[in-house]
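Participant: What follows is a structure written as structure tokens; I'll ask about it next.
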Amino acid sequence: MLTLDTLLATPWLLYIVVIFVSLCIGSFLNVVILRLPKIMQQDWRCQCEEFLELPEEQRKEEETVTLSKPASTCPSCGHKIRAWENIPVISYLVLRGKCASCKTGISPRYPIIEAITALFSVVTIFIIGPTEAALWALLLVWALIALTVIDFDTQLLPDSITLPLLWLGLVLNYFGVLTDFNGAFWGAVAGYLSLWSVYWLFKLVTGKEGMGHGDFKLLAALGAWLGWELLPAVILLSSVVGAVVGISLMVFRKHGREVPIPFGPYLAAAGLLCLWFGAEILAAWHGYLGV
């Protein structure tokens with residue numbers, strides 16, 4: 001029987017298992033990315049209807065969306081996706097990127113997300129090493145991928161992902177999985193309060209909201225996973241990348257200044273880099289300070 005110890009002691013087998021599992025996770029993340037914002041919108045609408053005390057006949061009726069229902073179908077012809085058509089990456093290649101029924105093109109984003117999920121998972125195991133800590137770190141990687149794409153699409157960072165991620169980081173680091181609990185606790189506190197303070201300062205000065213509350217929670221979650229010492233690196237890296245991308249969009253794509261740019265993807269990218277290279281970043285920082 002294959003045990004965790006055997007798996008960790010056999011790197012080639014570990015990588016095969018990680019690739020297979022992460023491809024399947026990537027397929028699931030596609031569902032989460034597509035459906036979770038719809039689920040949130042349905043919940044908000046129902047809450048508004050209840051608050052306004054609308055009679056039943058005036059309430060909008062539509063099929064309830066969950067992560068498991070309704071079954072996946074082609075948006076063009078309604079063809080129900082069969083199991084063999086839903087194999088990560090492979091089905092897309094076999095079908096040549098088209099629906100098996102109506103031959104309408106399938107977005108390449110689906111296999112790209114699946115492949116990126118597998119790639120980032122393998123890189124995480126390779127850099128951190130074949131340890132239980134690396135396997136737990138995969139949960140952070142997968143959550144960051146989902147949050148990145150959702151924020152790009154909708155400018156939302158769902159509480160149903162960020163808050164469990166925050167608590168899971170604290171629980172894991174209570175046992176010292178990635179850092180000590182003291183660092184994780186103050187990382188969560190400092191992560192939330194730092195962006196919360198920037199948000200209110202910007203709002204008091206300009207009268208506008210510079211970022212969403214989801215950004216506070218995401219940085220708090222990263223602090224809970226990585227510890228408070230890496231928070232300055234996360235903030236600096238995300239700010240630099242966000243500024244470069246924002247300026248580039250305005251210059252080359254005529255992206256108006258009034259059009260908001262999601263900050264979550266840059267936080268997620270910075271968090272991923274600090275997960276992979278946190279020790280090197282801290283060593284360089286301590287060397288610069290002469291500590």
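In the structure tokens, chains take the letters A, B, ... in the order shown, each chain's residues start at 1, and ligands count up from 1 in the order shown.
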Residues of segment 24-258 of chain A in strand (DSSP E or B) according to DSSP, as a ChimeraX atom specification?
Facilitator: /A:73,80,98,105
Participant: Need to verify the contact set: Met40 of chain A, 9 Å, only C-alpha atoms, exclusion of same-chain residues closer than 5 positions in sequence. Can you return it as a ChimeraX atom specification?
Facilitator: /A:35,45,158
Participant: Print the selection's residues with N, CA, C and O atoms to a file, as a short mmCIF file (atom, residue, chain, number, x, y, z; two decimals), in the first residue's frame.
Facilitator:
data_model
loop_
_atom_site.label_atom_id
_atom_site.label_comp_id
_atom_site.auth_asym_id
_atom_site.auth_seq_id
_atom_site.Cartn_x
_atom_site.Cartn_y
_atom_site.Cartn_z
N ARG A 35 -18.18 29.59 -11.75
CA ARG A 35 -19.46 29.52 -11.03
C ARG A 35 -19.51 30.30 -9.73
O ARG A 35 -20.59 30.77 -9.35
N ARG A 45 -28.65 38.78 -4.70
CA ARG A 45 -29.97 39.12 -5.20
C ARG A 45 -31.06 38.62 -4.25
O ARG A 45 -32.01 39.34 -3.94
N PRO A 158 -13.54 36.42 -3.37
CA PRO A 158 -14.60 35.83 -2.54
C PRO A 158 -14.15 35.48 -1.12
O PRO A 158 -13.11 34.86 -0.91
#
Participant: Which value, in Å to one decimal, gives the distance between atom CA of Val17 of chain A and atom CA of Ser121 of chain A?
Facilitator: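 Distance between the two atoms: 10.7 Å.
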Participant: Which segment 126-175 of chain A residues have any atom within 10 Å of an atom of segment 275-284 of chain A, and for each, what is the nearest pair of atoms with distance in Å to one decimal, counting only C-alpha atoms, rows sorted by chain and number, as a tab-separated table?
Facilitator:
residue	atom	partner	partner_atom	distance
A:Phe126	CA	A:Trp276	CA	9.4
A:Ile127	CA	A:Trp276	CA	6.2
A:Ile128	CA	A:Trp276	CA	6.8
A:Ala134	CA	A:Leu275	CA	9.9
A:Ala137	CA	A:Leu275	CA	8.2
A:Leu140	CA	A:Leu275	CA	9.1
A:Val141	CA	A:Leu275	CA	8.9
Participant: Would you save the residues of that selection, restricted to all heavy atoms, as an mmCIF file, in the first residue's frame?
Facilitator:
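Printed below is result-v8.cif as written:
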data_model
loop_
_atom_site.group_PDB
_atom_site.id
_atom_site.type_symbol
_atom_site.label_atom_id
_atom_site.label_comp_id
_atom_site.auth_asym_id
_atom_site.auth_seq_id
_atom_site.Cartn_x
_atom_site.Cartn_y
_atom_site.Cartn_z
ATOM 1 N N PHE A 126 9.318 21.131 -6.065
ATOM 2 C CA PHE A 126 10.744 21.148 -6.413
ATOM 3 C C PHE A 126 11.519 22.130 -5.540
ATOM 4 O O PHE A 126 12.618 21.831 -5.067
ATOM 5 C CB PHE A 126 10.909 21.515 -7.888
ATOM 6 C CG PHE A 126 12.344 21.594 -8.331
ATOM 7 C CD1 PHE A 126 13.064 20.442 -8.603
ATOM 8 C CD2 PHE A 126 12.977 22.831 -8.474
ATOM 9 C CE1 PHE A 126 14.392 20.510 -9.008
ATOM 10 C CE2 PHE A 126 14.297 22.909 -8.878
ATOM 11 C CZ PHE A 126 15.013 21.743 -9.143
ATOM 12 N N ILE A 127 10.950 23.317 -5.317
ATOM 13 C CA ILE A 127 11.662 24.357 -4.561
ATOM 14 C C ILE A 127 11.636 24.083 -3.066
ATOM 15 O O ILE A 127 12.668 24.154 -2.384
ATOM 16 C CB ILE A 127 11.067 25.745 -4.872
ATOM 17 C CG1 ILE A 127 11.356 26.131 -6.323
ATOM 18 C CG2 ILE A 127 11.650 26.801 -3.929
ATOM 19 C CD1 ILE A 127 10.731 27.442 -6.753
ATOM 20 N N ILE A 128 10.459 23.765 -2.530
ATOM 21 C CA ILE A 128 10.348 23.531 -1.084
ATOM 22 C C ILE A 128 10.929 22.181 -0.707
ATOM 23 O O ILE A 128 11.493 22.016 0.380
ATOM 24 C CB ILE A 128 8.874 23.644 -0.640
ATOM 25 C CG1 ILE A 128 8.350 25.063 -0.912
ATOM 26 C CG2 ILE A 128 8.726 23.309 0.845
ATOM 27 C CD1 ILE A 128 6.900 25.262 -0.534
ATOM 28 N N ALA A 134 5.417 21.043 1.859
ATOM 29 C CA ALA A 134 5.219 21.372 0.447
ATOM 30 C C ALA A 134 3.835 20.944 -0.026
ATOM 31 O O ALA A 134 3.190 21.650 -0.816
ATOM 32 C CB ALA A 134 6.301 20.705 -0.400
ATOM 33 N N ALA A 137 1.440 23.384 1.189
ATOM 34 C CA ALA A 137 1.608 24.635 0.448
ATOM 35 C C ALA A 137 0.859 24.610 -0.882
ATOM 36 O O ALA A 137 0.498 25.668 -1.413
ATOM 37 C CB ALA A 137 3.091 24.917 0.207
ATOM 38 N N LEU A 140 -2.352 26.518 -0.823
ATOM 39 C CA LEU A 140 -2.189 27.961 -1.008
ATOM 40 C C LEU A 140 -2.017 28.298 -2.480
ATOM 41 O O LEU A 140 -2.633 29.246 -2.986
ATOM 42 C CB LEU A 140 -0.978 28.456 -0.211
ATOM 43 C CG LEU A 140 -0.588 29.926 -0.406
ATOM 44 C CD1 LEU A 140 -1.725 30.856 0.011
ATOM 45 C CD2 LEU A 140 0.682 30.248 0.372
ATOM 46 N N VAL A 141 -1.209 27.531 -3.173
ATOM 47 C CA VAL A 141 -0.977 27.769 -4.604
ATOM 48 C C VAL A 141 -2.280 27.672 -5.382
ATOM 49 O O VAL A 141 -2.595 28.542 -6.210
ATOM 50 C CB VAL A 141 0.055 26.755 -5.155
ATOM 51 C CG1 VAL A 141 0.187 26.888 -6.670
ATOM 52 C CG2 VAL A 141 1.414 26.956 -4.488
#
Participant: Within 8 Å of Ser27 of chain A, counting only C-alpha atoms, which residues qualify if same-chain residues fewer than 4 places away don't, as a PyMOL selection string?
Facilitator: chain A and resi 23+31+88+110-111+113-114
Participant: So that I can check the surroundings of Ala115 of chain A, please list as an mmCIF file with N, CA and C atoms, in the first residue's frame every protein, DNA and RNA residue that reaches within 12 Å of it, counting only C-alpha atoms and ignoring chain neighbours fewer than 6 positions away.
Facilitator:
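Now in selection_8.cif:
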data_model
loop_
_atom_site.group_PDB
_atom_site.id
_atom_site.type_symbol
_atom_site.label_atom_id
_atom_site.label_comp_id
_atom_site.auth_asym_id
_atom_site.auth_seq_id
_atom_site.Cartn_x
_atom_site.Cartn_y
_atom_site.Cartn_z
ATOM 1 N N ILE A 19 1.432 15.854 -10.466
ATOM 2 C CA ILE A 19 0.982 16.306 -11.788
ATOM 3 C C ILE A 19 -0.444 15.841 -12.052
ATOM 4 N N PHE A 20 -0.717 14.581 -11.793
ATOM 5 C CA PHE A 20 -2.058 14.035 -12.035
ATOM 6 C C PHE A 20 -3.100 14.741 -11.179
ATOM 7 N N VAL A 21 -2.823 14.850 -9.885
ATOM 8 C CA VAL A 21 -3.790 15.466 -8.969
ATOM 9 C C VAL A 21 -3.987 16.941 -9.306
ATOM 10 N N SER A 22 -2.917 17.661 -9.572
ATOM 11 C CA SER A 22 -3.030 19.099 -9.831
ATOM 12 C C SER A 22 -3.726 19.390 -11.154
ATOM 13 N N LEU A 23 -3.593 18.514 -12.131
ATOM 14 C CA LEU A 23 -4.362 18.691 -13.372
ATOM 15 C C LEU A 23 -5.856 18.577 -13.084
ATOM 16 N N CYS A 24 -6.224 17.599 -12.253
ATOM 17 C CA CYS A 24 -7.633 17.450 -11.859
ATOM 18 C C CYS A 24 -8.090 18.656 -11.044
ATOM 19 N N ILE A 25 -7.231 19.143 -10.142
ATOM 20 C CA ILE A 25 -7.557 20.332 -9.362
ATOM 21 C C ILE A 25 -7.725 21.529 -10.287
ATOM 22 N N GLY A 26 -6.868 21.637 -11.306
ATOM 23 C CA GLY A 26 -6.993 22.733 -12.260
ATOM 24 C C GLY A 26 -8.326 22.708 -12.981
ATOM 25 N N SER A 27 -8.803 21.503 -13.314
ATOM 26 C CA SER A 27 -10.118 21.375 -13.936
ATOM 27 C C SER A 27 -11.211 21.843 -12.983
ATOM 28 N N LEU A 29 -10.759 24.013 -10.556
ATOM 29 C CA LEU A 29 -10.618 25.460 -10.406
ATOM 30 C C LEU A 29 -11.342 26.198 -11.535
ATOM 31 N N ASN A 30 -11.357 25.611 -12.733
ATOM 32 C CA ASN A 30 -12.114 26.227 -13.823
ATOM 33 C C ASN A 30 -13.592 26.358 -13.464
ATOM 34 N N PRO A 88 -8.545 16.709 -18.149
ATOM 35 C CA PRO A 88 -7.731 17.928 -18.203
ATOM 36 C C PRO A 88 -6.710 17.915 -19.339
ATOM 37 N N VAL A 89 -6.672 18.980 -20.096
ATOM 38 C CA VAL A 89 -5.732 19.230 -21.197
ATOM 39 C C VAL A 89 -5.931 18.245 -22.346
ATOM 40 N N ILE A 90 -5.938 16.945 -22.049
ATOM 41 C CA ILE A 90 -5.995 15.920 -23.091
ATOM 42 C C ILE A 90 -7.266 16.043 -23.923
ATOM 43 N N TYR A 92 -9.097 18.625 -24.486
ATOM 44 C CA TYR A 92 -9.013 19.822 -25.335
ATOM 45 C C TYR A 92 -8.197 19.528 -26.593
ATOM 46 N N PRO A 108 -9.329 28.563 -24.878
ATOM 47 C CA PRO A 108 -8.071 27.911 -24.463
ATOM 48 C C PRO A 108 -7.715 28.185 -23.003
ATOM 49 N N ARG A 109 -8.469 29.074 -22.361
ATOM 50 C CA ARG A 109 -8.167 29.387 -20.967
ATOM 51 C C ARG A 109 -8.306 28.157 -20.072
ATOM 52 N N SER A 121 2.383 23.626 -9.223
ATOM 53 C CA SER A 121 2.435 22.603 -8.181
ATOM 54 C C SER A 121 3.775 21.880 -8.195
ATOM 55 N N VAL A 122 4.240 21.524 -9.376
ATOM 56 C CA VAL A 122 5.535 20.846 -9.502
ATOM 57 C C VAL A 122 6.666 21.761 -9.048
ATOM 58 N N ILE A 145 -4.321 30.737 -7.477
ATOM 59 C CA ILE A 145 -4.658 30.672 -8.906
ATOM 60 C C ILE A 145 -6.127 31.025 -9.115
#
Participant: Which polymer residues have any atom within 7 Å of an atom of His79 of chain A, counting only C-alpha atoms, with same-chain residues fewer than 4 positions away left out, as a list of chain:residue names?
Facilitator: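 Final neighbour list, sorted by chain and number: A:Thr73, A:Cys74, A:Ser101.
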Participant: Just write the chosen residues, all heavy atoms, as a PDB file, in the first residue's frame.
Facilitator:
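What landed in result19.pdb:
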ATOM      1  N   THR A  73     -22.214  22.098 -19.528  1.00  0.00           N
ATOM      2  CA  THR A  73     -22.720  21.993 -20.894  1.00  0.00           C
ATOM      3  C   THR A  73     -22.011  23.000 -21.790  1.00  0.00           C
ATOM      4  O   THR A  73     -21.392  23.954 -21.314  1.00  0.00           O
ATOM      5  CB  THR A  73     -24.231  22.269 -20.950  1.00  0.00           C
ATOM      6  OG1 THR A  73     -24.486  23.598 -20.441  1.00  0.00           O
ATOM      7  CG2 THR A  73     -25.022  21.251 -20.142  1.00  0.00           C
ATOM      8  N   CYS A  74     -22.119  22.781 -23.080  1.00  0.00           N
ATOM      9  CA  CYS A  74     -21.587  23.734 -24.050  1.00  0.00           C
ATOM     10  C   CYS A  74     -22.476  24.981 -24.024  1.00  0.00           C
ATOM     11  O   CYS A  74     -23.699  24.870 -24.172  1.00  0.00           O
ATOM     12  CB  CYS A  74     -21.576  23.130 -25.448  1.00  0.00           C
ATOM     13  SG  CYS A  74     -21.175  24.323 -26.769  1.00  0.00           S
ATOM     14  N   SER A 101     -20.087  18.421 -30.158  1.00  0.00           N
ATOM     15  CA  SER A 101     -21.387  18.413 -30.825  1.00  0.00           C
ATOM     16  C   SER A 101     -21.489  19.472 -31.922  1.00  0.00           C
ATOM     17  O   SER A 101     -21.692  19.164 -33.083  1.00  0.00           O
ATOM     18  CB  SER A 101     -22.507  18.614 -29.805  1.00  0.00           C
ATOM     19  OG  SER A 101     -23.762  18.659 -30.428  1.00  0.00           O
TER      20      SER A 101
END
Participant: Give me the residues within 12 Å of Pro75 of chain A as a PyMOL selection string, counting only C-alpha atoms and dropping any in the same chain fewer than 6 places off.
Facilitator: chain A and resi 81+98-99+101-107
Participant: Keeping N, CA and C atoms, export the residues of the selection given above as a tab-separated table (two decimals), in the first residue's frame.
Facilitator:
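Final file, selection.tsv:
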chain	number	residue	atom	x	y	z
A	81	ILE	N	-21.48	17.90	-21.29
A	81	ILE	CA	-20.09	17.47	-21.37
A	81	ILE	C	-19.96	16.08	-20.75
A	98	LYS	N	-12.60	22.27	-29.80
A	98	LYS	CA	-13.97	22.51	-30.27
A	98	LYS	C	-14.95	21.60	-29.54
A	99	CYS	N	-16.19	22.06	-29.44
A	99	CYS	CA	-17.26	21.26	-28.85
A	99	CYS	C	-17.46	20.00	-29.68
A	101	SER	N	-20.09	18.42	-30.16
A	101	SER	CA	-21.39	18.41	-30.83
A	101	SER	C	-21.49	19.47	-31.92
A	102	CYS	N	-21.33	20.74	-31.53
A	102	CYS	CA	-21.56	21.82	-32.51
A	102	CYS	C	-20.29	22.38	-33.11
A	103	LYS	N	-19.14	21.92	-32.66
A	103	LYS	CA	-17.83	22.35	-33.17
A	103	LYS	C	-17.51	23.82	-32.90
A	104	THR	N	-18.24	24.42	-31.97
A	104	THR	CA	-17.90	25.79	-31.56
A	104	THR	C	-16.59	25.76	-30.77
A	105	GLY	N	-15.77	26.77	-30.98
A	105	GLY	CA	-14.47	26.81	-30.31
A	105	GLY	C	-14.60	26.89	-28.79
A	106	ILE	N	-13.74	26.15	-28.09
A	106	ILE	CA	-13.67	26.17	-26.63
A	106	ILE	C	-12.54	27.11	-26.23
A	107	SER	N	-12.77	27.93	-25.23
A	107	SER	CA	-11.75	28.87	-24.79
A	107	SER	C	-10.48	28.13	-24.36
Participant: Segment 189-251 of chain A: which residues are alpha helix (DSSP H) by DSSP, as a PDB file with C-alpha atoms, in the first residue's frame?
Facilitator:
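Final output, part.pdb:
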ATOM      1  CA  VAL A 189      -2.962  41.012  11.833  1.00  0.00           C
ATOM      2  CA  ALA A 190      -0.386  43.184  10.075  1.00  0.00           C
ATOM      3  CA  GLY A 191      -1.513  42.033   6.639  1.00  0.00           C
ATOM      4  CA  TYR A 192      -5.087  43.106   7.237  1.00  0.00           C
ATOM      5  CA  LEU A 193      -4.352  46.361   9.060  1.00  0.00           C
ATOM      6  CA  SER A 194      -1.707  47.563   6.608  1.00  0.00           C
ATOM      7  CA  LEU A 195      -4.009  47.632   3.583  1.00  0.00           C
ATOM      8  CA  TRP A 196      -6.990  48.632   5.726  1.00  0.00           C
ATOM      9  CA  SER A 197      -5.017  51.720   6.792  1.00  0.00           C
ATOM     10  CA  VAL A 198      -4.022  52.527   3.211  1.00  0.00           C
ATOM     11  CA  TYR A 199      -7.658  52.135   2.138  1.00  0.00           C
ATOM     12  CA  TRP A 200      -8.962  54.622   4.717  1.00  0.00           C
ATOM     13  CA  LEU A 201      -6.120  57.085   4.221  1.00  0.00           C
ATOM     14  CA  PHE A 202      -6.747  57.111   0.465  1.00  0.00           C
ATOM     15  CA  LYS A 203     -10.496  57.481   1.000  1.00  0.00           C
ATOM     16  CA  LEU A 204     -10.067  60.367   3.439  1.00  0.00           C
ATOM     17  CA  VAL A 205      -7.709  62.194   1.053  1.00  0.00           C
ATOM     18  CA  THR A 206      -9.504  61.561  -2.250  1.00  0.00           C
ATOM     19  CA  HIS A 213     -11.940  44.766   1.252  1.00  0.00           C
ATOM     20  CA  GLY A 214     -11.003  41.444  -0.318  1.00  0.00           C
ATOM     21  CA  ASP A 215      -7.441  42.726  -0.736  1.00  0.00           C
ATOM     22  CA  PHE A 216      -7.150  43.176   3.062  1.00  0.00           C
ATOM     23  CA  LYS A 217      -8.291  39.610   3.634  1.00  0.00           C
ATOM     24  CA  LEU A 218      -5.988  38.165   0.966  1.00  0.00           C
ATOM     25  CA  LEU A 219      -2.926  39.900   2.421  1.00  0.00           C
ATOM     26  CA  ALA A 220      -3.984  38.739   5.900  1.00  0.00           C
ATOM     27  CA  ALA A 221      -4.175  35.180   4.549  1.00  0.00           C
ATOM     28  CA  LEU A 222      -0.703  35.499   3.012  1.00  0.00           C
ATOM     29  CA  GLY A 223       0.587  36.796   6.336  1.00  0.00           C
ATOM     30  CA  ALA A 224      -0.953  33.808   8.105  1.00  0.00           C
ATOM     31  CA  TRP A 225       0.785  31.403   5.722  1.00  0.00           C
ATOM     32  CA  LEU A 226       4.147  33.131   5.287  1.00  0.00           C
ATOM     33  CA  LEU A 231       4.849  40.924   4.362  1.00  0.00           C
ATOM     34  CA  PRO A 232       7.049  43.893   3.329  1.00  0.00           C
ATOM     35  CA  ALA A 233       8.344  41.833   0.402  1.00  0.00           C
ATOM     36  CA  VAL A 234       4.791  40.847  -0.601  1.00  0.00           C
ATOM     37  CA  ILE A 235       3.608  44.456  -0.489  1.00  0.00           C
ATOM     38  CA  LEU A 236       6.669  45.805  -2.322  1.00  0.00           C
ATOM     39  CA  LEU A 237       6.623  43.170  -5.064  1.00  0.00           C
ATOM     40  CA  SER A 238       2.873  43.451  -5.641  1.00  0.00           C
ATOM     41  CA  SER A 239       3.015  47.268  -5.715  1.00  0.00           C
ATOM     42  CA  VAL A 240       5.903  47.361  -8.186  1.00  0.00           C
ATOM     43  CA  VAL A 241       4.347  44.797 -10.521  1.00  0.00           C
ATOM     44  CA  GLY A 242       0.921  46.449 -10.225  1.00  0.00           C
ATOM     45  CA  ALA A 243       2.378  49.885 -11.016  1.00  0.00           C
ATOM     46  CA  VAL A 244       4.292  48.578 -14.040  1.00  0.00           C
ATOM     47  CA  VAL A 245       1.260  46.732 -15.409  1.00  0.00           C
ATOM     48  CA  GLY A 246      -1.072  49.674 -14.721  1.00  0.00           C
ATOM     49  CA  ILE A 247       1.199  52.186 -16.458  1.00  0.00           C
ATOM     50  CA  SER A 248       1.689  49.808 -19.377  1.00  0.00           C
ATOM     51  CA  LEU A 249      -2.078  49.403 -19.800  1.00  0.00           C
ATOM     52  CA  MET A 250      -2.574  53.168 -19.817  1.00  0.00           C
ATOM     53  CA  VAL A 251       0.254  53.758 -22.302  1.00  0.00           C
TER      54      VAL A 251
END
Participant: Rounded to one decimal in Å, what is the spacing between atom CA of Thr179 of chain A and atom CA of Ala270 of chain A?
Facilitator: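 These atoms are spaced 17.5 Å apart.
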Participant: I'd like the contact shell of Thr64 of chain A - 9 Å cut-off, only C-alpha atoms, skipping same-chain residues fewer than 4 positions apart - returned as a PyMOL selection string.
Facilitator: chain A and resi 39+42+69-70
Participant: Dump C-alpha atoms for the selected residues as a short mmCIF file (atom, residue, chain, number, x, y, z; two decimals), in the first residue's frame?
Facilitator:
data_model
loop_
_atom_site.label_atom_id
_atom_site.label_comp_id
_atom_site.auth_asym_id
_atom_site.auth_seq_id
_atom_site.Cartn_x
_atom_site.Cartn_y
_atom_site.Cartn_z
CA ILE A 39 -23.29 31.89 -6.85
CA GLN A 42 -27.51 34.84 -6.72
CA LYS A 69 -25.09 21.66 -10.39
CA PRO A 70 -26.17 22.07 -13.12
#
